[in-house]
Each structure stands twice: as structure tokens, then as C-alpha cells.
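Inspection log for the structure reproduced underneath, given as C-alpha cells.
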Amino acid sequence: MTKSTEPAKPKMASVWLEACAGCHMSFLDMDERLLELFKKVEITSTPISDIKEIPEVTVGVIEGGLGNEEELHIAKNLREKCKILIAWGDCAVFGGINCLRNFIKVEDLLREAYTDTVTTVNPTGVIPHGGPLPHDGVPALLPQAMPVDRAVKVDIYVPGCPPDADTIAFVFNEILDGRIPKVPQEMMRYD
Ligand code: SF4
């Protein structure tokens, strides 16, 4: 049996934290350019591949901000596993729409979500982390929602809501050519 002489491809992993998935949808919008990317990059753990364990990778991508303890843990884990970390989209770069909740105390948010909403049916008044009540599997909210770089070092910022497919393709091509990309002004789209 002959051994492959092809060099190992750089690996990429991405996570989807406090987010709407729009940034990953933009990634899929690269369409046929994805086929070219897959020839050069091994996609490992992503929400698309649904592989939960993050291996050691060259590039880590974070979509979404940080809003709860689980998201904080995932961001730190990816930071440890990757050489280059990309904050991808406004939620990851700036905190995004998630930060609207920062004007309201966590206790009031939880009460509104779990008991006070007109359509809520919650006769026992269960509020996760709100007292001696069950909260298994529901991660505790952080006091505030925040961008990724409040907790981990970010190497590349790709703003946009979402960044479009051309921008994402540009970023990957720059990295594959050995450069740390700087997204040009004309690619900073907010529509
Ligand atoms: S940046 Fe926009 S598209 Fe991306 S996760 Fe946030 S809200 Fe969704």
C-alpha cells in the first residue's frame, strides 16, 4: 500500500454561540466556492457537520457573542484548540443584538421569559437558576451579553450582519495565502 504524499490540509472548526445562524448561512452562500475551499481545508467540528468535539485546528471561527456560561466555556475551549481565532459577524465582534438585554437585570429577564409572558404556561413558576428549582441542562446567563474578545484573544475581526459570502471567501483566501486578512472597507456591509 502506498502512502499519500499529499501534505495535510489545515483544519478549521467553527462554533455557533449567542447567534441566529445567519453567519453560518453566509458561509454556505459561498456555493461552488465551498468545493474549492474543501480541497484546501479540512472542515472538522462545525454546527454544519454536527461533530461536538473540537480537535486541534489551524483556524477557529466563532459566530455569536457570549451570553451564558456554556458559550463562555466553548469560546475558551476553541481558543485553546486553534492557532488563529476569527470573530465572525457583528454578534461575535461587537456583541450584536444580544446586548439589548444588558439594559435589564438577569432576574427580571428570567422572570419575564419563564413566568410573566402572557402565553407562558408555568404553574409552578420554575425559573432556571432562580432558586431551589430544577435547572439541569440550562446554562446560567452571564450578567451581561458581550463580544468574544472580552473573554478570549481574537486574531481576526470580520464584522457584518452577516458578513457576506464574498467577504468570507476573501478572509479564507487571505489566510490560505499566509496573510492575516484585513477586511476592506467596501466589504463592510450592514444590509
Ligand atoms: S451577526 Fe447577524 S447574522 Fe450573524 S449571528 Fe449575529 S445577528 Fe445573526
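Ligands are numbered from 1 in the order shown, residues from 1 within each chain, and chains are lettered A, B, ... in the order they appear in the C-alpha cells.
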List every residue of region 111-170 of chain A that has an atom at most 7 Å from any atom of region 59-72 of chain A, giving for each one its closest atom pair and the distance in Å to one decimal, counting only C-alpha atoms, sorted by chain and then by ascending residue number, as JSON lines.
{"residue": "A:Pro139", "atom": "CA", "partner": "A:Glu70", "partner_atom": "CA", "distance": 5.8}
{"residue": "A:Ala140", "atom": "CA", "partner": "A:Asn68", "partner_atom": "CA", "distance": 5.6}
{"residue": "A:Leu141", "atom": "CA", "partner": "A:Asn68", "partner_atom": "CA", "distance": 4.1}
{"residue": "A:Leu142", "atom": "CA", "partner": "A:Asn68", "partner_atom": "CA", "distance": 4.8}
{"residue": "A:Gln144", "atom": "CA", "partner": "A:Gly67", "partner_atom": "CA", "distance": 6.6}
{"residue": "A:Ala145", "atom": "CA", "partner": "A:Gly67", "partner_atom": "CA", "distance": 4.3}
{"residue": "A:Met146", "atom": "CA", "partner": "A:Leu66", "partner_atom": "CA", "distance": 5.2}
{"residue": "A:Pro147", "atom": "CA", "partner": "A:Gly65", "partner_atom": "CA", "distance": 4.9}
{"residue": "A:Val148", "atom": "CA", "partner": "A:Gly65", "partner_atom": "CA", "distance": 5.6}
Could you give me, as a ChimeraX atom specification, each residue of chain A that DSSP assigns to helix (DSSP H, G or I) when run on this structure's backbone? /A:22-28,33-40,69-81,90-94,96-103,106-116,148-150,165-176,185-187
Proximity check chain A to ligand 1, 8 Å, nearest pairs one decimal Å, only C-alpha atoms and all ligand atoms, as a Markdown table:
| residue | atom | partner | partner_atom_place_in_ligand_line | distance |
| --- | --- | --- | --- | --- |
| A:Trp16 | CA | ligand 1 | 5 (S) | 7.9 |
| A:Glu18 | CA | ligand 1 | 5 (S) | 7.2 |
| A:Ala19 | CA | ligand 1 | 5 (S) | 3.9 |
| A:Cys20 | CA | ligand 1 | 8 (Fe) | 4.1 |
| A:Ala21 | CA | ligand 1 | 5 (S) | 5.1 |
| A:Gly22 | CA | ligand 1 | 3 (S) | 3.6 |
| A:Cys23 | CA | ligand 1 | 4 (Fe) | 4.2 |
| A:His24 | CA | ligand 1 | 4 (Fe) | 7.6 |
| A:Glu63 | CA | ligand 1 | 5 (S) | 5.9 |
| A:Gly64 | CA | ligand 1 | 5 (S) | 5.1 |
| A:Gly65 | CA | ligand 1 | 6 (Fe) | 7.7 |
| A:Trp88 | CA | ligand 1 | 1 (S) | 7.3 |
| A:Gly89 | CA | ligand 1 | 1 (S) | 4.0 |
| A:Asp90 | CA | ligand 1 | 1 (S) | 4.0 |
| A:Cys91 | CA | ligand 1 | 6 (Fe) | 4.2 |
| A:Ala92 | CA | ligand 1 | 1 (S) | 6.9 |
| A:Gly96 | CA | ligand 1 | 6 (Fe) | 6.0 |
| A:Ile97 | CA | ligand 1 | 7 (S) | 6.3 |
| A:Pro159 | CA | ligand 1 | 1 (S) | 7.4 |
| A:Gly160 | CA | ligand 1 | 1 (S) | 6.1 |
| A:Cys161 | CA | ligand 1 | 2 (Fe) | 3.5 |
| A:Pro162 | CA | ligand 1 | 3 (S) | 3.9 |
| A:Pro163 | CA | ligand 1 | 4 (Fe) | 7.4 |
As a PyMOL selection string, please: every residue in chain A that a backbone DSSP assignment puts in strand (DSSP E). chain A and resi 11-16+42-43+57-63+66-68+82-88+141-146+156-158
Counting only C-alpha atoms, which residue out of A:Ser26, A:Phe170, A:Thr44, A:Gly95 sits closest to Lys182 (chain A)?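 Of A:Ser26, A:Phe170, A:Thr44, A:Gly95, the one nearest Lys182 (chain A) is A:Phe170, counting only C-alpha atoms.
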Would you work out the distance separating CA of His73 (chain A) from CA of Pro181 (chain A), expressed in Å to one decimal?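 Computed distance, CA of His73 (chain A) to CA of Pro181 (chain A), equals 26.6 Å.
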I'd like to know which of A:Ser14, A:Thr124, A:Thr58, A:Asn173 is closest to Ile74 (chain A), using only C-alpha atoms. A:Ser14
Give me the residues near Val171 (chain A) as a list of chain:residue names, where near means some atom within 10 Å (using only C-alpha atoms) and where sequence neighbours in that chain fewer than 5 positions away do not count. A:Ile86, A:Ile156, A:Tyr157, A:Val158, A:Ala165, A:Asp166, A:Leu176, A:Asp177, A:Arg179, A:Ile180, A:Pro181, A:Lys182, A:Val183
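Distance annotation: of A:Ala8, A:Ala113, A:Ala151, A:Cys82, the residue with the minimal separation from Val57 (chain A) is A:Cys82; atom set is only C-alpha atoms.
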Surrounding residues of Lys9 (chain A) excluding itself and chain neighbours under 2 positions, 12 Å, only C-alpha atoms, as number ranges by chain: A: 5-7, 11-12, 37-44, 57-59, 176
Write out the residues from the selection above, keeping all heavy atoms, as a short mmCIF file (atom, residue, chain, number, x, y, z; two decimals), in the first residue's frame.
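File produced: part-v7.cif:
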data_model
loop_
_atom_site.label_atom_id
_atom_site.label_comp_id
_atom_site.auth_asym_id
_atom_site.auth_seq_id
_atom_site.Cartn_x
_atom_site.Cartn_y
_atom_site.Cartn_z
N THR A 5 1.27 11.19 -0.48
CA THR A 5 2.32 12.21 -0.32
C THR A 5 1.71 13.62 -0.22
O THR A 5 2.44 14.59 -0.16
CB THR A 5 3.29 12.17 -1.50
OG1 THR A 5 2.53 12.27 -2.72
CG2 THR A 5 4.11 10.90 -1.49
N GLU A 6 0.38 13.68 -0.26
CA GLU A 6 -0.27 15.00 -0.16
C GLU A 6 -0.04 15.59 1.22
O GLU A 6 -0.17 14.89 2.22
CB GLU A 6 -1.79 14.86 -0.36
CG GLU A 6 -2.19 14.79 -1.81
CD GLU A 6 -3.70 14.82 -1.96
OE1 GLU A 6 -4.35 15.44 -1.12
OE2 GLU A 6 -4.19 14.21 -2.91
N PRO A 7 0.34 16.89 1.27
CA PRO A 7 0.50 17.50 2.59
C PRO A 7 -0.84 17.58 3.30
O PRO A 7 -1.90 17.68 2.66
CB PRO A 7 1.03 18.91 2.27
CG PRO A 7 0.68 19.15 0.84
CD PRO A 7 0.57 17.82 0.17
N LYS A 11 -6.74 22.56 9.23
CA LYS A 11 -8.08 22.22 9.73
C LYS A 11 -8.80 23.47 10.22
O LYS A 11 -8.18 24.41 10.73
CB LYS A 11 -7.98 21.23 10.87
CG LYS A 11 -7.45 19.89 10.44
CD LYS A 11 -7.37 18.93 11.61
CE LYS A 11 -6.83 17.59 11.15
NZ LYS A 11 -6.58 16.69 12.25
N MET A 12 -10.12 23.42 10.09
CA MET A 12 -10.93 24.53 10.57
C MET A 12 -12.07 24.00 11.44
O MET A 12 -12.62 22.94 11.16
CB MET A 12 -11.53 25.28 9.37
CG MET A 12 -12.55 26.35 9.75
SD MET A 12 -13.64 26.74 8.37
CE MET A 12 -15.18 27.04 9.24
N LEU A 37 -12.75 25.43 -1.50
CA LEU A 37 -12.24 25.54 -0.13
C LEU A 37 -12.02 24.16 0.48
O LEU A 37 -11.00 23.91 1.14
CB LEU A 37 -13.25 26.34 0.72
CG LEU A 37 -12.84 26.58 2.17
CD1 LEU A 37 -11.63 27.50 2.25
CD2 LEU A 37 -13.99 27.17 2.99
N PHE A 38 -12.97 23.23 0.24
CA PHE A 38 -12.84 21.90 0.83
C PHE A 38 -11.64 21.13 0.28
O PHE A 38 -11.14 20.20 0.91
CB PHE A 38 -14.13 21.09 0.59
CG PHE A 38 -15.33 21.63 1.32
CD1 PHE A 38 -16.61 21.27 0.94
CD2 PHE A 38 -15.18 22.51 2.38
CE1 PHE A 38 -17.73 21.77 1.60
CE2 PHE A 38 -16.28 23.03 3.04
CZ PHE A 38 -17.55 22.66 2.66
N LYS A 39 -11.16 21.52 -0.92
CA LYS A 39 -9.95 20.88 -1.45
C LYS A 39 -8.71 21.30 -0.67
O LYS A 39 -7.71 20.59 -0.63
CB LYS A 39 -9.75 21.27 -2.92
CG LYS A 39 -10.71 20.59 -3.87
CD LYS A 39 -10.40 21.06 -5.30
CE LYS A 39 -11.53 20.65 -6.24
NZ LYS A 39 -11.46 21.40 -7.50
N LYS A 40 -8.80 22.50 -0.06
CA LYS A 40 -7.62 23.07 0.60
C LYS A 40 -7.69 23.00 2.12
O LYS A 40 -6.68 23.15 2.80
CB LYS A 40 -7.47 24.53 0.20
CG LYS A 40 -7.28 24.75 -1.28
CD LYS A 40 -7.29 26.23 -1.59
CE LYS A 40 -7.26 26.48 -3.08
NZ LYS A 40 -7.59 27.87 -3.40
N VAL A 41 -8.89 22.85 2.67
CA VAL A 41 -9.10 22.93 4.12
C VAL A 41 -9.92 21.74 4.58
O VAL A 41 -10.88 21.36 3.91
CB VAL A 41 -9.85 24.25 4.47
CG1 VAL A 41 -10.19 24.30 5.95
CG2 VAL A 41 -9.04 25.46 4.08
N GLU A 42 -9.54 21.16 5.71
CA GLU A 42 -10.37 20.10 6.30
C GLU A 42 -11.32 20.72 7.31
O GLU A 42 -10.89 21.31 8.32
CB GLU A 42 -9.48 19.06 6.99
CG GLU A 42 -10.29 17.91 7.57
CD GLU A 42 -9.41 16.91 8.30
OE1 GLU A 42 -8.19 16.86 8.03
OE2 GLU A 42 -9.96 16.20 9.16
N ILE A 43 -12.61 20.62 7.04
CA ILE A 43 -13.61 21.16 7.95
C ILE A 43 -13.87 20.10 9.02
O ILE A 43 -14.23 18.97 8.69
CB ILE A 43 -14.93 21.49 7.23
CG1 ILE A 43 -14.68 22.35 5.99
CG2 ILE A 43 -15.91 22.16 8.18
CD1 ILE A 43 -14.23 23.76 6.24
N THR A 44 -13.66 20.43 10.26
CA THR A 44 -13.81 19.42 11.32
C THR A 44 -15.12 19.67 12.07
O THR A 44 -16.19 19.37 11.58
CB THR A 44 -12.61 19.46 12.28
OG1 THR A 44 -12.52 20.74 12.88
CG2 THR A 44 -11.32 19.17 11.53
N VAL A 57 -6.91 22.65 15.71
CA VAL A 57 -7.12 23.17 14.35
C VAL A 57 -6.23 24.37 14.10
O VAL A 57 -5.73 25.00 15.04
CB VAL A 57 -8.60 23.57 14.11
CG1 VAL A 57 -9.51 22.36 14.09
CG2 VAL A 57 -9.07 24.60 15.14
N THR A 58 -6.09 24.71 12.82
CA THR A 58 -5.36 25.93 12.47
C THR A 58 -6.26 27.14 12.68
O THR A 58 -5.86 28.14 13.28
CB THR A 58 -4.91 25.89 10.99
OG1 THR A 58 -4.17 24.69 10.79
CG2 THR A 58 -4.04 27.09 10.65
N VAL A 59 -7.48 27.06 12.16
CA VAL A 59 -8.40 28.21 12.21
C VAL A 59 -9.64 27.85 13.01
O VAL A 59 -10.31 26.85 12.72
CB VAL A 59 -8.82 28.64 10.78
CG1 VAL A 59 -9.79 29.82 10.84
CG2 VAL A 59 -7.60 29.00 9.95
N LEU A 176 -5.23 31.36 3.65
CA LEU A 176 -4.56 30.26 2.93
C LEU A 176 -3.32 30.76 2.20
O LEU A 176 -2.40 29.98 1.95
CB LEU A 176 -5.55 29.60 1.96
CG LEU A 176 -6.60 28.72 2.65
CD1 LEU A 176 -7.72 28.36 1.68
CD2 LEU A 176 -5.96 27.46 3.21
#
Select, from A:Met187, A:Val93, A:Met30, A:Val152, the residue with the minimum atom-to-atom distance to Thr167 (chain A), counting only C-alpha atoms. A:Met187
Which is closest to Ile168 (chain A) among A:Val126, A:Cys99, A:Met188, A:Val106, if we use only C-alpha atoms?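 Looking at the shortest contact to Ile168 (chain A), the residue is A:Met188.
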